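Structure file run_11.txt; described as compact mmCIF, N, CA and C atoms.
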# COMPACT_ATOMS: atom_id res chain seq x y z
N MET A 1 0.84 -1.18 0.00
CA MET A 1 0.00 0.00 0.00
C MET A 1 0.88 1.23 0.00
N LYS A 2 0.57 2.16 -0.88
CA LYS A 2 1.37 3.36 -1.02
C LYS A 2 0.58 4.55 -0.45
N ILE A 3 1.26 5.36 0.40
CA ILE A 3 0.63 6.53 1.02
C ILE A 3 1.19 7.78 0.34
N ASN A 4 0.29 8.64 -0.14
CA ASN A 4 0.75 9.88 -0.77
C ASN A 4 1.02 10.93 0.31
N TRP A 5 1.57 12.07 -0.08
CA TRP A 5 1.99 13.10 0.90
C TRP A 5 0.81 13.73 1.62
N GLY A 6 -0.35 13.86 1.00
CA GLY A 6 -1.54 14.44 1.64
C GLY A 6 -2.04 13.56 2.78
N THR A 7 -2.07 12.27 2.55
CA THR A 7 -2.49 11.33 3.59
C THR A 7 -1.49 11.34 4.74
N ALA A 8 -0.22 11.44 4.45
CA ALA A 8 0.82 11.46 5.49
C ALA A 8 0.68 12.70 6.38
N ILE A 9 0.35 13.85 5.79
CA ILE A 9 0.17 15.08 6.57
C ILE A 9 -1.04 14.96 7.48
N VAL A 10 -2.14 14.41 6.96
CA VAL A 10 -3.35 14.21 7.77
C VAL A 10 -3.06 13.25 8.91
N LEU A 11 -2.37 12.15 8.65
CA LEU A 11 -2.02 11.19 9.71
C LEU A 11 -1.08 11.83 10.75
N ALA A 12 -0.18 12.69 10.32
CA ALA A 12 0.72 13.38 11.26
C ALA A 12 -0.06 14.32 12.16
N PHE A 13 -1.03 15.06 11.56
CA PHE A 13 -1.88 15.96 12.38
C PHE A 13 -2.70 15.15 13.39
N ILE A 14 -3.31 14.08 12.97
CA ILE A 14 -4.11 13.24 13.87
C ILE A 14 -3.23 12.67 14.99
N GLY A 15 -2.04 12.23 14.66
CA GLY A 15 -1.10 11.71 15.67
C GLY A 15 -0.71 12.79 16.67
N PHE A 16 -0.42 14.00 16.17
CA PHE A 16 -0.03 15.11 17.06
C PHE A 16 -1.18 15.51 17.98
N ILE A 17 -2.39 15.63 17.44
CA ILE A 17 -3.57 16.00 18.24
C ILE A 17 -3.85 14.91 19.28
N GLY A 18 -3.72 13.66 18.89
CA GLY A 18 -3.90 12.57 19.85
C GLY A 18 -2.87 12.61 20.96
N PHE A 19 -1.64 12.94 20.63
CA PHE A 19 -0.55 13.06 21.60
C PHE A 19 -0.84 14.18 22.61
N ILE A 20 -1.27 15.33 22.13
CA ILE A 20 -1.59 16.47 23.00
C ILE A 20 -2.80 16.14 23.88
N LEU A 21 -3.85 15.57 23.31
CA LEU A 21 -5.04 15.21 24.10
C LEU A 21 -4.72 14.19 25.18
N PHE A 22 -3.83 13.24 24.88
CA PHE A 22 -3.42 12.25 25.88
C PHE A 22 -2.82 12.96 27.10
N PHE A 23 -1.94 13.91 26.91
CA PHE A 23 -1.31 14.61 28.04
C PHE A 23 -2.28 15.55 28.76
N VAL A 24 -3.20 16.18 28.03
CA VAL A 24 -4.20 17.04 28.68
C VAL A 24 -5.09 16.21 29.60
N VAL A 25 -5.57 15.08 29.12
CA VAL A 25 -6.43 14.21 29.94
C VAL A 25 -5.64 13.64 31.11
N ARG A 26 -4.42 13.23 30.86
CA ARG A 26 -3.60 12.64 31.92
C ARG A 26 -3.32 13.66 33.04
N MET A 27 -3.01 14.90 32.69
CA MET A 27 -2.70 15.92 33.70
C MET A 27 -3.95 16.38 34.45
N SER A 28 -5.09 16.40 33.79
CA SER A 28 -6.31 16.84 34.48
C SER A 28 -6.83 15.76 35.42
N MET A 29 -6.52 14.51 35.20
CA MET A 29 -6.96 13.41 36.06
C MET A 29 -5.95 13.08 37.16
N ASP A 30 -4.73 13.57 37.06
CA ASP A 30 -3.68 13.23 38.01
C ASP A 30 -3.86 13.98 39.32
N ASN A 31 -3.75 13.29 40.45
CA ASN A 31 -3.88 13.91 41.77
C ASN A 31 -2.69 14.80 42.11
N LYS A 32 -1.55 14.57 41.49
CA LYS A 32 -0.37 15.39 41.76
C LYS A 32 -0.54 16.81 41.23
N ALA A 33 -1.36 16.97 40.22
CA ALA A 33 -1.61 18.29 39.64
C ALA A 33 -2.87 18.88 40.26
N ASN A 34 -2.87 19.03 41.57
CA ASN A 34 -4.03 19.53 42.30
C ASN A 34 -4.06 21.05 42.20
N HIS A 35 -5.12 21.61 41.65
CA HIS A 35 -5.21 23.04 41.41
C HIS A 35 -6.14 23.70 42.42
N ASP A 36 -5.75 23.66 43.70
CA ASP A 36 -6.55 24.30 44.75
C ASP A 36 -6.30 25.79 44.76
N LEU A 37 -7.21 26.51 45.39
CA LEU A 37 -6.96 27.91 45.67
C LEU A 37 -5.87 27.98 46.74
N VAL A 38 -5.25 29.13 46.91
CA VAL A 38 -4.16 29.28 47.87
C VAL A 38 -4.64 28.95 49.27
N THR A 39 -5.80 29.43 49.65
CA THR A 39 -6.39 29.11 50.95
C THR A 39 -7.81 28.59 50.72
N ASP A 40 -8.34 27.89 51.70
CA ASP A 40 -9.67 27.32 51.56
C ASP A 40 -10.76 28.38 51.48
N GLU A 41 -10.62 29.46 52.23
CA GLU A 41 -11.63 30.51 52.27
C GLU A 41 -11.12 31.78 51.58
N TYR A 42 -10.69 31.63 50.36
CA TYR A 42 -10.06 32.72 49.62
C TYR A 42 -11.00 33.92 49.46
N TYR A 43 -12.23 33.70 49.07
CA TYR A 43 -13.16 34.81 48.79
C TYR A 43 -13.59 35.51 50.07
N LYS A 44 -13.72 34.76 51.13
CA LYS A 44 -14.06 35.35 52.44
C LYS A 44 -12.93 36.25 52.92
N GLN A 45 -11.68 35.82 52.71
CA GLN A 45 -10.54 36.63 53.11
C GLN A 45 -10.41 37.88 52.23
N GLU A 46 -10.80 37.78 51.00
CA GLU A 46 -10.71 38.92 50.09
C GLU A 46 -11.63 40.06 50.52
N LEU A 47 -12.79 39.72 51.06
CA LEU A 47 -13.74 40.75 51.50
C LEU A 47 -13.22 41.53 52.71
N ALA A 48 -12.38 40.92 53.53
CA ALA A 48 -11.85 41.56 54.73
C ALA A 48 -10.48 42.20 54.47
N TYR A 49 -10.14 42.43 53.22
CA TYR A 49 -8.80 42.91 52.90
C TYR A 49 -8.51 44.34 53.38
N GLN A 50 -9.51 45.24 53.36
CA GLN A 50 -9.28 46.62 53.83
C GLN A 50 -8.92 46.64 55.31
N LYS A 51 -9.53 45.76 56.06
CA LYS A 51 -9.22 45.64 57.49
C LYS A 51 -7.76 45.22 57.68
N GLU A 52 -7.29 44.32 56.81
CA GLU A 52 -5.89 43.89 56.85
C GLU A 52 -4.95 45.05 56.51
N ILE A 53 -5.31 45.85 55.53
CA ILE A 53 -4.47 46.97 55.11
C ILE A 53 -4.32 47.97 56.27
N ASP A 54 -5.43 48.24 56.97
CA ASP A 54 -5.37 49.16 58.11
C ASP A 54 -4.53 48.60 59.24
N ALA A 55 -4.67 47.31 59.54
CA ALA A 55 -3.89 46.68 60.60
C ALA A 55 -2.40 46.66 60.25
N GLU A 56 -2.09 46.44 58.99
CA GLU A 56 -0.68 46.44 58.56
C GLU A 56 -0.08 47.84 58.67
N ALA A 57 -0.88 48.87 58.37
CA ALA A 57 -0.41 50.26 58.51
C ALA A 57 -0.17 50.58 59.98
N ASN A 58 -1.02 50.08 60.87
CA ASN A 58 -0.82 50.28 62.31
C ASN A 58 0.50 49.66 62.77
N ALA A 59 0.82 48.48 62.27
CA ALA A 59 2.07 47.81 62.66
C ALA A 59 3.29 48.55 62.11
N LYS A 60 3.18 49.09 60.91
CA LYS A 60 4.30 49.82 60.32
C LYS A 60 4.55 51.16 61.03
N ASN A 61 3.51 51.72 61.66
CA ASN A 61 3.65 53.00 62.36
C ASN A 61 4.23 52.84 63.76
N LEU A 62 4.45 51.61 64.21
CA LEU A 62 5.08 51.41 65.52
C LEU A 62 6.54 51.85 65.46
N ALA A 63 7.00 52.44 66.55
CA ALA A 63 8.40 52.88 66.60
C ALA A 63 9.35 51.69 66.62
N ASP A 64 8.93 50.59 67.25
CA ASP A 64 9.75 49.39 67.39
C ASP A 64 9.00 48.22 66.76
N PRO A 65 9.26 47.88 65.48
CA PRO A 65 8.49 46.82 64.82
C PRO A 65 8.86 45.42 65.32
N ILE A 66 8.07 44.44 64.93
CA ILE A 66 8.34 43.03 65.26
C ILE A 66 9.59 42.59 64.52
N LYS A 67 10.42 41.81 65.21
CA LYS A 67 11.62 41.25 64.60
C LYS A 67 11.52 39.73 64.65
N ILE A 68 11.84 39.10 63.52
CA ILE A 68 11.81 37.64 63.43
C ILE A 68 13.25 37.17 63.25
N LYS A 69 13.68 36.26 64.14
CA LYS A 69 15.07 35.82 64.14
C LYS A 69 15.12 34.29 64.26
N LYS A 70 15.98 33.66 63.46
CA LYS A 70 16.17 32.22 63.54
C LYS A 70 17.22 31.93 64.61
N THR A 71 16.87 31.05 65.55
CA THR A 71 17.80 30.63 66.60
C THR A 71 17.95 29.11 66.56
N ASN A 72 18.81 28.58 67.41
CA ASN A 72 19.00 27.13 67.47
C ASN A 72 17.76 26.41 67.98
N ASN A 73 16.98 27.07 68.81
CA ASN A 73 15.77 26.46 69.39
C ASN A 73 14.55 26.59 68.49
N GLY A 74 14.59 27.45 67.51
CA GLY A 74 13.46 27.66 66.62
C GLY A 74 13.42 29.08 66.08
N LEU A 75 12.23 29.56 65.87
CA LEU A 75 12.03 30.90 65.32
C LEU A 75 11.56 31.82 66.45
N LEU A 76 12.30 32.89 66.69
CA LEU A 76 12.01 33.81 67.78
C LEU A 76 11.35 35.06 67.23
N LEU A 77 10.15 35.37 67.76
CA LEU A 77 9.43 36.58 67.38
C LEU A 77 9.54 37.57 68.52
N LYS A 78 10.17 38.72 68.25
CA LYS A 78 10.33 39.75 69.28
C LYS A 78 9.33 40.87 69.01
N PHE A 79 8.40 41.03 69.93
CA PHE A 79 7.39 42.08 69.82
C PHE A 79 7.95 43.39 70.35
N PRO A 80 7.34 44.53 70.04
CA PRO A 80 7.82 45.83 70.53
C PRO A 80 7.86 45.88 72.06
N LYS A 81 8.88 46.53 72.60
CA LYS A 81 9.06 46.62 74.05
C LYS A 81 7.94 47.41 74.73
N ILE A 82 7.26 48.26 73.99
CA ILE A 82 6.15 49.04 74.54
C ILE A 82 5.05 48.11 75.04
N LEU A 83 4.94 46.94 74.43
CA LEU A 83 3.87 46.00 74.74
C LEU A 83 4.20 45.07 75.91
N GLU A 84 5.38 45.22 76.50
CA GLU A 84 5.81 44.32 77.57
C GLU A 84 4.87 44.39 78.77
N GLY A 85 4.50 43.20 79.26
CA GLY A 85 3.65 43.10 80.44
C GLY A 85 2.20 43.42 80.18
N GLN A 86 1.82 43.68 78.97
CA GLN A 86 0.44 44.01 78.65
C GLN A 86 -0.25 42.75 78.13
N ASN A 87 -1.53 42.71 78.29
CA ASN A 87 -2.30 41.57 77.85
C ASN A 87 -2.57 41.68 76.35
N ILE A 88 -1.83 40.91 75.57
CA ILE A 88 -1.94 40.96 74.12
C ILE A 88 -2.47 39.60 73.64
N GLN A 89 -3.50 39.64 72.82
CA GLN A 89 -4.07 38.42 72.25
C GLN A 89 -3.94 38.49 70.74
N GLY A 90 -3.66 37.35 70.15
CA GLY A 90 -3.55 37.31 68.70
C GLY A 90 -3.24 35.93 68.18
N THR A 91 -2.81 35.87 66.93
CA THR A 91 -2.52 34.60 66.27
C THR A 91 -1.29 34.75 65.38
N VAL A 92 -0.47 33.72 65.37
CA VAL A 92 0.65 33.62 64.43
C VAL A 92 0.30 32.49 63.47
N SER A 93 0.18 32.82 62.19
CA SER A 93 -0.14 31.83 61.16
C SER A 93 1.10 31.58 60.33
N LEU A 94 1.49 30.33 60.23
CA LEU A 94 2.61 29.94 59.38
C LEU A 94 2.06 29.15 58.20
N TYR A 95 2.32 29.67 57.02
CA TYR A 95 1.78 29.11 55.78
C TYR A 95 2.93 28.60 54.93
N ARG A 96 2.84 27.35 54.50
CA ARG A 96 3.86 26.75 53.65
C ARG A 96 3.30 26.67 52.22
N PRO A 97 3.79 27.50 51.29
CA PRO A 97 3.24 27.51 49.93
C PRO A 97 3.34 26.18 49.20
N SER A 98 4.36 25.38 49.51
CA SER A 98 4.56 24.13 48.78
C SER A 98 3.72 22.97 49.30
N ASN A 99 3.17 23.08 50.53
CA ASN A 99 2.42 21.97 51.10
C ASN A 99 1.44 22.50 52.14
N LYS A 100 0.15 22.50 51.82
CA LYS A 100 -0.84 23.07 52.74
C LYS A 100 -1.02 22.22 54.01
N HIS A 101 -0.53 21.00 54.01
CA HIS A 101 -0.65 20.14 55.19
C HIS A 101 0.33 20.55 56.30
N LEU A 102 1.31 21.37 55.97
CA LEU A 102 2.28 21.83 56.98
C LEU A 102 1.86 23.15 57.63
N ASP A 103 0.80 23.78 57.14
CA ASP A 103 0.33 25.06 57.69
C ASP A 103 -0.16 24.86 59.13
N PHE A 104 0.10 25.85 59.98
CA PHE A 104 -0.43 25.80 61.34
C PHE A 104 -0.54 27.19 61.93
N ASP A 105 -1.37 27.31 62.96
CA ASP A 105 -1.59 28.56 63.67
C ASP A 105 -1.21 28.38 65.13
N LEU A 106 -0.65 29.44 65.71
CA LEU A 106 -0.32 29.45 67.14
C LEU A 106 -0.99 30.65 67.79
N PRO A 107 -1.54 30.47 68.98
CA PRO A 107 -2.11 31.64 69.67
C PRO A 107 -0.99 32.48 70.28
N VAL A 108 -1.20 33.79 70.31
CA VAL A 108 -0.25 34.71 70.93
C VAL A 108 -0.85 35.15 72.26
N SER A 109 -0.15 34.85 73.32
CA SER A 109 -0.54 35.31 74.65
C SER A 109 0.76 35.66 75.36
N LEU A 110 1.11 36.93 75.36
CA LEU A 110 2.42 37.35 75.83
C LEU A 110 2.41 37.80 77.28
N SER A 111 3.44 37.38 78.02
CA SER A 111 3.69 37.95 79.33
C SER A 111 4.97 38.79 79.25
N ASN A 112 5.83 38.47 78.28
CA ASN A 112 7.00 39.30 77.99
C ASN A 112 6.96 39.63 76.50
N THR A 113 8.05 40.07 75.93
CA THR A 113 8.00 40.57 74.55
C THR A 113 8.42 39.57 73.48
N HIS A 114 8.61 38.30 73.81
CA HIS A 114 9.02 37.38 72.76
C HIS A 114 8.20 36.09 72.78
N LEU A 115 8.15 35.45 71.61
CA LEU A 115 7.44 34.20 71.42
C LEU A 115 8.35 33.29 70.61
N LEU A 116 8.52 32.04 71.06
CA LEU A 116 9.39 31.09 70.38
C LEU A 116 8.55 30.01 69.71
N ILE A 117 8.78 29.83 68.41
CA ILE A 117 8.15 28.74 67.67
C ILE A 117 9.19 27.63 67.61
N PRO A 118 8.88 26.45 68.18
CA PRO A 118 9.88 25.38 68.28
C PRO A 118 10.40 24.91 66.93
N ASP A 119 11.66 24.51 66.92
CA ASP A 119 12.34 24.06 65.72
C ASP A 119 11.68 22.81 65.13
N LYS A 120 11.13 21.96 65.97
CA LYS A 120 10.53 20.71 65.50
C LYS A 120 9.26 20.94 64.66
N ARG A 121 8.63 22.10 64.78
CA ARG A 121 7.42 22.41 64.02
C ARG A 121 7.73 22.93 62.62
N LEU A 122 8.98 23.34 62.39
CA LEU A 122 9.35 23.99 61.12
C LEU A 122 10.29 23.11 60.31
N LEU A 123 9.95 22.91 59.05
CA LEU A 123 10.83 22.22 58.12
C LEU A 123 11.58 23.26 57.29
N GLY A 124 12.71 22.86 56.76
CA GLY A 124 13.48 23.77 55.92
C GLY A 124 12.71 24.17 54.68
N GLY A 125 12.83 25.42 54.28
CA GLY A 125 12.15 25.91 53.09
C GLY A 125 11.47 27.25 53.35
N ARG A 126 10.64 27.66 52.41
CA ARG A 126 9.98 28.96 52.51
C ARG A 126 8.72 28.87 53.37
N TRP A 127 8.56 29.87 54.24
CA TRP A 127 7.38 30.01 55.09
C TRP A 127 6.89 31.45 54.98
N ASP A 128 5.58 31.61 54.90
CA ASP A 128 4.96 32.93 54.96
C ASP A 128 4.37 33.08 56.36
N ILE A 129 4.81 34.09 57.08
CA ILE A 129 4.37 34.31 58.46
C ILE A 129 3.42 35.49 58.49
N LYS A 130 2.31 35.31 59.18
CA LYS A 130 1.30 36.36 59.34
C LYS A 130 0.99 36.46 60.83
N ILE A 131 1.35 37.59 61.44
CA ILE A 131 1.15 37.80 62.88
C ILE A 131 0.06 38.86 63.05
N ILE A 132 -1.03 38.46 63.68
CA ILE A 132 -2.15 39.37 63.94
C ILE A 132 -2.30 39.47 65.45
N TRP A 133 -2.30 40.71 65.99
CA TRP A 133 -2.52 40.89 67.41
C TRP A 133 -3.31 42.16 67.66
N GLU A 134 -3.88 42.23 68.86
CA GLU A 134 -4.70 43.37 69.23
C GLU A 134 -4.18 43.94 70.54
N HIS A 135 -4.07 45.26 70.58
CA HIS A 135 -3.59 45.96 71.77
C HIS A 135 -4.45 47.21 71.97
N LYS A 136 -5.13 47.27 73.09
CA LYS A 136 -6.00 48.40 73.44
C LYS A 136 -7.05 48.67 72.34
N GLY A 137 -7.64 47.61 71.84
CA GLY A 137 -8.70 47.74 70.84
C GLY A 137 -8.22 48.05 69.43
N LYS A 138 -6.93 48.13 69.23
CA LYS A 138 -6.36 48.44 67.91
C LYS A 138 -5.70 47.18 67.36
N GLU A 139 -6.02 46.85 66.11
CA GLU A 139 -5.46 45.65 65.50
C GLU A 139 -4.17 45.96 64.75
N PHE A 140 -3.25 44.99 64.81
CA PHE A 140 -1.95 45.09 64.14
C PHE A 140 -1.72 43.84 63.32
N LEU A 141 -0.98 43.98 62.23
CA LEU A 141 -0.69 42.86 61.35
C LEU A 141 0.72 43.00 60.80
N HIS A 142 1.47 41.91 60.88
CA HIS A 142 2.82 41.87 60.31
C HIS A 142 2.91 40.64 59.41
N LYS A 143 3.33 40.84 58.16
CA LYS A 143 3.51 39.74 57.22
C LYS A 143 4.97 39.70 56.78
N GLU A 144 5.49 38.49 56.66
CA GLU A 144 6.87 38.35 56.22
C GLU A 144 7.06 36.96 55.65
N SER A 145 7.91 36.84 54.64
CA SER A 145 8.29 35.55 54.08
C SER A 145 9.73 35.27 54.48
N ILE A 146 9.96 34.06 54.99
CA ILE A 146 11.31 33.69 55.39
C ILE A 146 11.67 32.34 54.78
N THR A 147 12.95 32.07 54.72
CA THR A 147 13.45 30.76 54.34
C THR A 147 14.11 30.17 55.57
N TYR A 148 13.54 29.09 56.06
CA TYR A 148 14.03 28.49 57.30
C TYR A 148 15.01 27.41 56.99
Would you write out, as structure tokens, the structure that this file holds?
Amino acid sequence: MKINWGTAIVLAFIGFIGFILFFVVRMSMDNKANHDLVTDEYYKQELAYQKEIDAEANAKNLADPIKIKKTNNGLLLKFPKILEGQNIQGTVSLYRPSNKHLDFDLPVSLSNTHLLIPDKRLLGGRWDIKIIWEHKGKEFLHKESITY
């Protein structure tokens, strides 16, 4: 059987389209290619964004900002000295962009100006830290990305 050049071009196009469709179907069915939103409640968080902007501006206006330092025992968060001995309530959220199963939150309840996140809770790599606290009815927010 002899194949002319027109038939060969049509067969090449069909083969190429079949090849592309095979990979599209394979990638859309694969669990490794999970296309989740960044957070579970993305739209709910988007509506409260102006509140976040105001809280972040409050934190930037502090004379002594929060300092994050890596130590042998873990990650040390140093709050402003003005807040020492005051009843501060808040949350420290650690978000791992590469694996949502490693994300965790810690409550902030300070008696002095520092908080230690133990080394055993943190794996090496990039972490996004979000510290939210309230002092005298005013909310503060500090965001930072670190490589641990």
Each residue of stretch 15-101 of chain A lying at most 9 Å from stretch 106-130 of chain A should get a row with its shortest atom-to-atom pair and the distance in Å to one decimal, counting only C-alpha atoms; could you produce that, ordered by chain and increasing number, as a tab-separated table?
residue	atom	partner	partner_atom	distance
A:Thr71	CA	A:Asp119	CA	8.6
A:Asn72	CA	A:Asp119	CA	7.5
A:Asn73	CA	A:Asp119	CA	5.6
A:Gly74	CA	A:Asp119	CA	3.9
A:Leu75	CA	A:Ile117	CA	5.0
A:Leu76	CA	A:Leu116	CA	4.6
A:Leu77	CA	A:Leu115	CA	5.1
A:Lys78	CA	A:His114	CA	4.4
A:Phe79	CA	A:Thr113	CA	5.0
A:Pro80	CA	A:Thr113	CA	6.6
A:Lys81	CA	A:Thr113	CA	6.2
A:Ile82	CA	A:Thr113	CA	8.7
A:Leu83	CA	A:Thr113	CA	6.8
A:Glu84	CA	A:Asn112	CA	5.2
A:Gly85	CA	A:Ser111	CA	5.3
A:Gln86	CA	A:Ser111	CA	6.9
A:Asn87	CA	A:Leu110	CA	6.6
A:Ile88	CA	A:Ser109	CA	5.8
A:Gln89	CA	A:Ser109	CA	5.3
A:Gly90	CA	A:Val108	CA	4.8
A:Thr91	CA	A:Pro107	CA	4.5
A:Val92	CA	A:Leu106	CA	5.1
A:Ser93	CA	A:Lys130	CA	5.1
A:Leu94	CA	A:Ile129	CA	4.8
A:Tyr95	CA	A:Asp128	CA	5.0
A:Arg96	CA	A:Trp127	CA	5.0
A:Pro97	CA	A:Trp127	CA	7.1
A:Ser98	CA	A:Arg126	CA	8.2
Apply DSSP to the backbone of this structure and, from stretch 28-144 of chain A, keep only the residues in strand (DSSP E); write these as an MDAnalysis selection string.
chainID A and resid 67:70 74:78 88:95 104:110 114:118 126:135 138:144
Writing out the chosen residues with N, CA and C atoms as a short mmCIF file (atom, residue, chain, number, x, y, z; two decimals), in the coordinates of the input:
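As a result, again-v5.cif now contains:
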data_model
loop_
_atom_site.label_atom_id
_atom_site.label_comp_id
_atom_site.auth_asym_id
_atom_site.auth_seq_id
_atom_site.Cartn_x
_atom_site.Cartn_y
_atom_site.Cartn_z
N LYS A 67 10.42 41.81 65.21
CA LYS A 67 11.62 41.25 64.60
C LYS A 67 11.52 39.73 64.65
N ILE A 68 11.84 39.10 63.52
CA ILE A 68 11.81 37.64 63.43
C ILE A 68 13.25 37.17 63.25
N LYS A 69 13.68 36.26 64.14
CA LYS A 69 15.07 35.82 64.14
C LYS A 69 15.12 34.29 64.26
N LYS A 70 15.98 33.66 63.46
CA LYS A 70 16.17 32.22 63.54
C LYS A 70 17.22 31.93 64.61
N GLY A 74 14.59 27.45 67.51
CA GLY A 74 13.46 27.66 66.62
C GLY A 74 13.42 29.08 66.08
N LEU A 75 12.23 29.56 65.87
CA LEU A 75 12.03 30.90 65.32
C LEU A 75 11.56 31.82 66.45
N LEU A 76 12.30 32.89 66.69
CA LEU A 76 12.01 33.81 67.78
C LEU A 76 11.35 35.06 67.23
N LEU A 77 10.15 35.37 67.76
CA LEU A 77 9.43 36.58 67.38
C LEU A 77 9.54 37.57 68.52
N LYS A 78 10.17 38.72 68.25
CA LYS A 78 10.33 39.75 69.28
C LYS A 78 9.33 40.87 69.01
N ILE A 88 -1.83 40.91 75.57
CA ILE A 88 -1.94 40.96 74.12
C ILE A 88 -2.47 39.60 73.64
N GLN A 89 -3.50 39.64 72.82
CA GLN A 89 -4.07 38.42 72.25
C GLN A 89 -3.94 38.49 70.74
N GLY A 90 -3.66 37.35 70.15
CA GLY A 90 -3.55 37.31 68.70
C GLY A 90 -3.24 35.93 68.18
N THR A 91 -2.81 35.87 66.93
CA THR A 91 -2.52 34.60 66.27
C THR A 91 -1.29 34.75 65.38
N VAL A 92 -0.47 33.72 65.37
CA VAL A 92 0.65 33.62 64.43
C VAL A 92 0.30 32.49 63.47
N SER A 93 0.18 32.82 62.19
CA SER A 93 -0.14 31.83 61.16
C SER A 93 1.10 31.58 60.33
N LEU A 94 1.49 30.33 60.23
CA LEU A 94 2.61 29.94 59.38
C LEU A 94 2.06 29.15 58.20
N TYR A 95 2.32 29.67 57.02
CA TYR A 95 1.78 29.11 55.78
C TYR A 95 2.93 28.60 54.93
N PHE A 104 0.10 25.85 59.98
CA PHE A 104 -0.43 25.80 61.34
C PHE A 104 -0.54 27.19 61.93
N ASP A 105 -1.37 27.31 62.96
CA ASP A 105 -1.59 28.56 63.67
C ASP A 105 -1.21 28.38 65.13
N LEU A 106 -0.65 29.44 65.71
CA LEU A 106 -0.32 29.45 67.14
C LEU A 106 -0.99 30.65 67.79
N PRO A 107 -1.54 30.47 68.98
CA PRO A 107 -2.11 31.64 69.67
C PRO A 107 -0.99 32.48 70.28
N VAL A 108 -1.20 33.79 70.31
CA VAL A 108 -0.25 34.71 70.93
C VAL A 108 -0.85 35.15 72.26
N SER A 109 -0.15 34.85 73.32
CA SER A 109 -0.54 35.31 74.65
C SER A 109 0.76 35.66 75.36
N LEU A 110 1.11 36.93 75.36
CA LEU A 110 2.42 37.35 75.83
C LEU A 110 2.41 37.80 77.28
N HIS A 114 8.61 38.30 73.81
CA HIS A 114 9.02 37.38 72.76
C HIS A 114 8.20 36.09 72.78
N LEU A 115 8.15 35.45 71.61
CA LEU A 115 7.44 34.20 71.42
C LEU A 115 8.35 33.29 70.61
N LEU A 116 8.52 32.04 71.06
CA LEU A 116 9.39 31.09 70.38
C LEU A 116 8.55 30.01 69.71
N ILE A 117 8.78 29.83 68.41
CA ILE A 117 8.15 28.74 67.67
C ILE A 117 9.19 27.63 67.61
N PRO A 118 8.88 26.45 68.18
CA PRO A 118 9.88 25.38 68.28
C PRO A 118 10.40 24.91 66.93
N ARG A 126 10.64 27.66 52.41
CA ARG A 126 9.98 28.96 52.51
C ARG A 126 8.72 28.87 53.37
N TRP A 127 8.56 29.87 54.24
CA TRP A 127 7.38 30.01 55.09
C TRP A 127 6.89 31.45 54.98
N ASP A 128 5.58 31.61 54.90
CA ASP A 128 4.96 32.93 54.96
C ASP A 128 4.37 33.08 56.36
N ILE A 129 4.81 34.09 57.08
CA ILE A 129 4.37 34.31 58.46
C ILE A 129 3.42 35.49 58.49
N LYS A 130 2.31 35.31 59.18
CA LYS A 130 1.30 36.36 59.34
C LYS A 130 0.99 36.46 60.83
N ILE A 131 1.35 37.59 61.44
CA ILE A 131 1.15 37.80 62.88
C ILE A 131 0.06 38.86 63.05
N ILE A 132 -1.03 38.46 63.68
CA ILE A 132 -2.15 39.37 63.94
C ILE A 132 -2.30 39.47 65.45
N TRP A 133 -2.30 40.71 65.99
CA TRP A 133 -2.52 40.89 67.41
C TRP A 133 -3.31 42.16 67.66
N GLU A 134 -3.88 42.23 68.86
CA GLU A 134 -4.70 43.37 69.23
C GLU A 134 -4.18 43.94 70.54
N HIS A 135 -4.07 45.26 70.58
CA HIS A 135 -3.59 45.96 71.77
C HIS A 135 -4.45 47.21 71.97
N LYS A 138 -6.93 48.13 69.23
CA LYS A 138 -6.36 48.44 67.91
C LYS A 138 -5.70 47.18 67.36
N GLU A 139 -6.02 46.85 66.11
CA GLU A 139 -5.46 45.65 65.50
C GLU A 139 -4.17 45.96 64.75
N PHE A 140 -3.25 44.99 64.81
CA PHE A 140 -1.95 45.09 64.14
C PHE A 140 -1.72 43.84 63.32
N LEU A 141 -0.98 43.98 62.23
CA LEU A 141 -0.69 42.86 61.35
C LEU A 141 0.72 43.00 60.80
N HIS A 142 1.47 41.91 60.88
CA HIS A 142 2.82 41.87 60.31
C HIS A 142 2.91 40.64 59.41
N LYS A 143 3.33 40.84 58.16
CA LYS A 143 3.51 39.74 57.22
C LYS A 143 4.97 39.70 56.78
N GLU A 144 5.49 38.49 56.66
CA GLU A 144 6.87 38.35 56.22
C GLU A 144 7.06 36.96 55.65
#
If I take atom CA of A:Glu139 and atom CA of A:Pro65, how far is one from the other in Å, to one decimal?
14.0 Å
Suppose you want the space between atom C of A:Leu141 and atom CA of A:Leu62; what is it in Å?
10.6 Å
For the structure I just gave you, how does DSSP split chain A - specifically, which residues are alpha helix (DSSP H)? Reply as a PyMOL selection string.
chain A and resi 5-29+42-47+49-60
Interatomic distance between atom CA of A:His142 and atom C of A:Ala59?
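Atom C of A:Ala59 lies 6.9 Å from atom CA of A:His142.
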Identify which of the residues A:Thr147, A:Lys138, A:Tyr42, A:Phe22 lies closest to A:Ala55, counting all atoms listed in the file when measuring atom-to-atom distances.
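Closest to A:Ala55, using all atoms listed in the file: A:Lys138.
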Which is closest to A:Lys67 among A:Ile17, A:Ile131, A:Ile3, A:Leu102, if we use only C-alpha atoms?
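The answer is A:Ile131, which sits nearest to A:Lys67.
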